[in-house]
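Have a look at coords.csv; it's CSV, C-alpha atoms:
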chain,number,residue,atom,x,y,z
V,300,MET,CA,0.0,0.0,0.0
V,301,VAL,CA,1.3,3.5,-0.9
V,302,PRO,CA,1.6,5.8,2.1
V,303,GLN,CA,-0.9,8.7,2.2
V,304,SER,CA,1.9,11.3,2.2
V,305,SER,CA,3.3,10.2,-1.1
V,306,ARG,CA,0.2,10.6,-3.2
V,307,ASP,CA,0.9,12.2,-6.5
V,308,ILE,CA,-0.5,15.7,-6.3
V,309,SER,CA,0.3,16.2,-10.0
V,310,SER,CA,-2.8,14.2,-10.8
V,311,TYR,CA,-4.8,17.3,-9.6
V,312,ARG,CA,-5.4,20.4,-11.7
V,313,ILE,CA,-5.6,23.4,-9.4
V,314,THR,CA,-6.7,26.9,-10.1
V,315,PHE,CA,-6.7,29.8,-7.7
V,316,PHE,CA,-10.3,31.1,-7.5
V,317,PHE,CA,-10.2,34.0,-5.0
V,318,GLY,CA,-8.9,35.3,-1.7
V,319,PRO,CA,-7.7,36.0,0.8
V,320,GLU,CA,-10.9,37.0,2.5
V,321,SER,CA,-11.9,37.1,6.1
V,322,VAL,CA,-13.9,34.1,7.3
V,323,GLU,CA,-17.3,35.2,8.5
V,324,GLY,CA,-17.4,35.4,12.3
V,325,GLN,CA,-13.6,34.9,12.6
V,326,SER,CA,-11.8,38.2,12.1
V,327,ASP,CA,-8.4,36.4,12.7
V,328,VAL,CA,-8.8,33.8,10.0
V,329,LEU,CA,-8.4,34.3,6.2
V,330,THR,CA,-9.4,31.9,3.5
V,331,CYS,CA,-8.4,31.4,-0.1
V,332,VAL,CA,-10.6,29.3,-2.4
V,333,PHE,CA,-9.2,27.0,-5.1
V,334,ASN,CA,-10.9,25.0,-7.9
V,335,VAL,CA,-9.5,21.4,-7.8
V,336,LYS,CA,-10.0,18.7,-10.4
V,337,LYS,CA,-8.5,15.3,-10.4
V,338,ARG,CA,-8.1,13.7,-13.8
V,339,SER,CA,-10.4,10.8,-13.0
V,340,TRP,CA,-13.2,13.1,-11.8
V,341,LYS,CA,-16.0,14.3,-14.2
V,342,ALA,CA,-16.1,17.7,-12.4
V,343,GLY,CA,-14.0,19.7,-10.1
V,344,ILE,CA,-14.6,20.9,-6.5
V,345,GLN,CA,-13.9,24.0,-4.5
V,346,VAL,CA,-11.5,23.8,-1.6
V,347,SER,CA,-11.5,26.6,0.9
V,348,VAL,CA,-8.1,26.8,2.6
V,349,GLU,CA,-8.1,28.8,5.9
V,350,VAL,CA,-5.1,30.2,7.8
V,351,SER,CA,-4.9,32.3,10.9
V,352,THR,CA,-3.5,35.8,10.7
V,353,GLU,CA,-1.3,34.8,13.7
V,354,GLN,CA,0.2,31.9,11.8
V,355,LEU,CA,0.8,34.2,8.8
V,356,THR,CA,2.6,36.6,11.0
V,357,VAL,CA,4.8,33.9,12.5
V,358,LEU,CA,5.6,32.4,9.1
V,359,ARG,CA,6.4,35.9,7.6
V,360,GLN,CA,9.0,36.4,10.4
V,361,LYS,CA,10.3,32.8,10.2
V,362,ILE,CA,11.1,33.0,6.5
V,363,CYS,CA,12.3,36.6,6.8
V,364,LEU,CA,9.9,37.8,4.1
V,365,ALA,CA,10.5,41.5,4.6
V,366,ASP,CA,14.3,41.1,4.3
V,367,ARG,CA,14.0,38.8,1.3
V,368,LEU,CA,11.7,41.2,-0.5
V,369,ALA,CA,13.5,44.4,0.4
V,370,ARG,CA,16.0,44.4,-2.4
V,371,SER,CA,13.3,43.9,-5.1
V,372,LEU,CA,11.3,46.7,-3.6
V,373,THR,CA,14.2,49.2,-3.5
V,374,ALA,CA,14.2,49.1,-7.3
V,375,LEU,CA,10.7,50.6,-7.3
V,376,ASP,CA,9.7,54.3,-7.4
V,377,PRO,CA,9.3,55.3,-3.7
V,378,ARG,CA,5.8,56.6,-4.5
V,379,GLU,CA,4.8,53.1,-5.7
V,380,ARG,CA,6.3,51.1,-2.8
V,381,HIS,CA,3.4,51.5,-0.5
V,382,HIS,CA,1.0,50.0,-3.1
V,383,TYR,CA,3.2,47.0,-3.6
V,384,GLN,CA,3.7,46.4,0.1
V,385,GLU,CA,-0.1,46.3,0.6
V,386,ARG,CA,-0.4,43.7,-2.1
V,387,ILE,CA,2.4,41.6,-0.6
V,388,VAL,CA,0.2,40.8,2.4
V,389,ASP,CA,-2.5,39.2,0.1
V,390,PHE,CA,0.0,37.4,-2.1
V,391,PHE,CA,1.8,36.0,0.9
V,392,ALA,CA,-1.5,34.6,2.3
V,393,GLN,CA,-2.2,33.1,-1.1
V,394,ALA,CA,1.2,31.4,-1.3
V,395,VAL,CA,0.8,30.0,2.2
V,396,CYS,CA,-2.6,28.7,1.3
V,397,TRP,CA,-1.2,27.0,-1.8
V,398,CYS,CA,1.3,25.3,0.5
V,399,LYS,CA,-1.4,24.2,2.8
V,400,LEU,CA,-3.5,22.9,-0.1
V,401,ALA,CA,-0.5,20.9,-1.3
V,402,LEU,CA,-0.3,19.3,2.1
V,403,ARG,CA,-4.0,18.4,2.0
V,404,LEU,CA,-3.7,17.0,-1.5
V,405,GLN,CA,-0.9,14.7,-0.3
V,406,ARG,CA,-3.5,13.1,2.0
V,407,GLY,CA,-6.0,12.8,-0.9
V,408,LEU,CA,-9.4,14.5,-1.4
V,409,THR,CA,-12.9,13.2,-1.9
V,410,GLN,CA,-14.9,14.7,-4.8
V,411,LYS,CA,-16.9,17.2,-2.7
V,412,ASN,CA,-16.5,20.8,-1.9
V,413,GLN,CA,-14.6,21.2,1.4
V,414,ARG,CA,-12.8,23.4,3.9
V,415,VAL,CA,-9.3,23.0,5.3
V,416,LEU,CA,-9.8,24.7,8.6
V,417,ALA,CA,-7.3,27.2,10.1
V,418,ASP,CA,-6.4,24.8,13.0
V,419,GLU,CA,-5.7,21.9,10.6
V,420,LEU,CA,-2.2,21.0,9.4
V,421,THR,CA,-0.6,23.9,11.4
V,422,ILE,CA,2.6,22.1,12.4
V,423,GLU,CA,3.0,20.7,8.9
V,424,LEU,CA,2.4,24.1,7.3
V,425,ASP,CA,5.1,25.7,9.5
V,426,GLN,CA,7.6,23.2,8.1
V,427,GLU,CA,6.2,23.3,4.6
V,428,ALA,CA,6.4,27.1,4.4
V,429,SER,CA,9.9,27.0,5.7
V,430,ASN,CA,10.9,24.4,3.1
V,431,ARG,CA,9.2,26.3,0.3
V,432,ALA,CA,10.3,29.8,1.3
V,433,ASP,CA,11.9,30.3,-2.2
V,434,TYR,CA,8.6,29.3,-3.8
V,435,ILE,CA,6.7,31.8,-1.6
V,436,LEU,CA,9.1,34.5,-2.5
V,437,ALA,CA,8.9,33.7,-6.3
V,438,TYR,CA,5.1,33.6,-6.1
V,439,ILE,CA,4.9,37.0,-4.6
V,440,LEU,CA,7.5,38.6,-7.0
V,441,GLY,CA,5.8,36.9,-9.9
V,442,GLU,CA,2.4,38.3,-8.9
V,443,LEU,CA,3.9,41.8,-8.5
V,444,ASP,CA,5.8,41.5,-11.8
V,445,LEU,CA,9.1,42.1,-10.1
V,446,ALA,CA,12.4,40.4,-10.9
V,447,PRO,CA,13.9,38.4,-8.1
V,448,HIS,CA,17.3,39.4,-6.6
V,449,HIS,CA,19.2,36.2,-6.1
V,450,SER,CA,21.7,37.9,-3.8
V,451,VAL,CA,19.0,38.1,-1.1
V,452,PRO,CA,19.9,35.8,1.8
V,453,SER,CA,17.5,33.0,2.5
V,454,SER,CA,17.8,33.4,6.3
V,455,CYS,CA,17.7,36.4,8.6
What's the structure tokens form of this structure?
Amino acid sequence: MVPQSSRDISSYRITFFFGPESVEGQSDVLTCVFNVKKRSWKAGIQVSVEVSTEQLTVLRQKICLADRLARSLTALDPRERHHYQERIVDFFAQAVCWCKLALRLQRGLTQKNQRVLADELTIELDQEASNRADYILAYILGELDLAPHHSVPSSC
């Protein structure tokens, strides 16, 4: 029998749908929604991936996001920087949700709309985000249409 954690997530086709948005009744939780379709399914599903703002803050510090993005932001017109910095918050949450979704896909999904709650996979997400810090940085820079600066250190 194949262990759950080694499921092939490439058999899923994933599209980011929307987010992050606050979860109703939980001001400290954000959600991103993804459309997920497995090749063997006739139709796709929606997966809502939640993450707490506290965990996002911890992860942002743990992967030294501000330091890693600083060099790319210095290339911008100072009048535009604030706009980019506001958008970084959303793109960071999206990237972290992508990581959490990948963790969930490794365990397999049933063909029904579902939620991955903020308090699920928290320890695994801490490790996954640390392991995929370069992906998170590249995702944010790609969404901002900024070139990465490879001389940025990967640790604080």
(request) Between CA of Arg403 (chain V) and CA of Ala365 (chain V), measure the distance and give it in Å to one decimal. (result) 27.4 Å
(request) May I ask which of the residues V:Gln384, V:Thr314, V:Ser321, V:Thr373 is the closest one to Pro447 (chain V), counting all atoms listed in the file? (result) V:Thr373
Would you write out, as CSV, a table of all residues in region 403-429 of chain V that have an atom no more than 10 Å from an atom of region 357-361 of chain V, listing for each the closest atom pair and the distance in Å to one decimal, considering all atoms listed in the file and ordering rows by chain and rising residue number?
residue,atom,partner,partner_atom,distance
V:Leu424,CA,V:Leu358,CA,9.1
V:Asp425,CA,V:Leu358,CA,6.7
V:Gln426,CA,V:Leu358,CA,9.5
V:Ala428,CA,V:Leu358,CA,7.1
V:Ser429,CA,V:Lys361,CA,7.4
(request) Using only C-alpha atoms, find the one residue out of V:Phe317, V:Phe390, V:Tyr311, V:Tyr383 that sits nearest to Gly343 (chain V). (result) V:Tyr311
(request) Using all atoms listed in the file, find the one residue out of V:Leu372, V:Leu402, V:Ile387, V:Ile344 that sits nearest to Ile308 (chain V). (result) V:Leu402
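Nearest residue to Arg414 (chain V) among V:Glu349, V:Asp389, V:Asp444, V:Asp376 is V:Glu349, counting only C-alpha atoms.
When CA of Arg312 (chain V) is paired with CA of Arg338 (chain V), their separation reads 7.5 Å.
CA of Ala394 (chain V) to CA of His382 (chain V) spans 18.7 Å [interatomic distance, one decimal].
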(message) So, with only C-alpha atoms as the atoms that count, which of V:Asn430, V:Gln345, V:Ser310, V:Ser351 lies closest to Cys398 (chain V)?
(response)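 Using only C-alpha atoms, Cys398 (chain V) sits closest to V:Asn430.
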(message) Restricting the calculation to all atoms listed in the file: of V:Arg386, V:Gln405, V:Ile362, V:Phe316, which residue gets closest to Arg431 (chain V)?
(response) V:Ile362
Counting only C-alpha atoms, select every polymer residue within 10 Å of (-9.2, 25.9, 11.1) as defined in the file's coordinates, and provide the selection as a PDB file with C-alpha atoms, in the coordinates of the input.
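Once written, point27.pdb looks like this:
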ATOM      1  CA  VAL V 328      -8.800  33.800  10.000  1.00  0.00           C
ATOM      2  CA  LEU V 329      -8.400  34.300   6.200  1.00  0.00           C
ATOM      3  CA  THR V 330      -9.400  31.900   3.500  1.00  0.00           C
ATOM      4  CA  VAL V 348      -8.100  26.800   2.600  1.00  0.00           C
ATOM      5  CA  GLU V 349      -8.100  28.800   5.900  1.00  0.00           C
ATOM      6  CA  VAL V 350      -5.100  30.200   7.800  1.00  0.00           C
ATOM      7  CA  SER V 351      -4.900  32.300  10.900  1.00  0.00           C
ATOM      8  CA  ARG V 414     -12.800  23.400   3.900  1.00  0.00           C
ATOM      9  CA  VAL V 415      -9.300  23.000   5.300  1.00  0.00           C
ATOM     10  CA  LEU V 416      -9.800  24.700   8.600  1.00  0.00           C
ATOM     11  CA  ALA V 417      -7.300  27.200  10.100  1.00  0.00           C
ATOM     12  CA  ASP V 418      -6.400  24.800  13.000  1.00  0.00           C
ATOM     13  CA  GLU V 419      -5.700  21.900  10.600  1.00  0.00           C
ATOM     14  CA  LEU V 420      -2.200  21.000   9.400  1.00  0.00           C
ATOM     15  CA  THR V 421      -0.600  23.900  11.400  1.00  0.00           C
TER      16      THR V 421
END
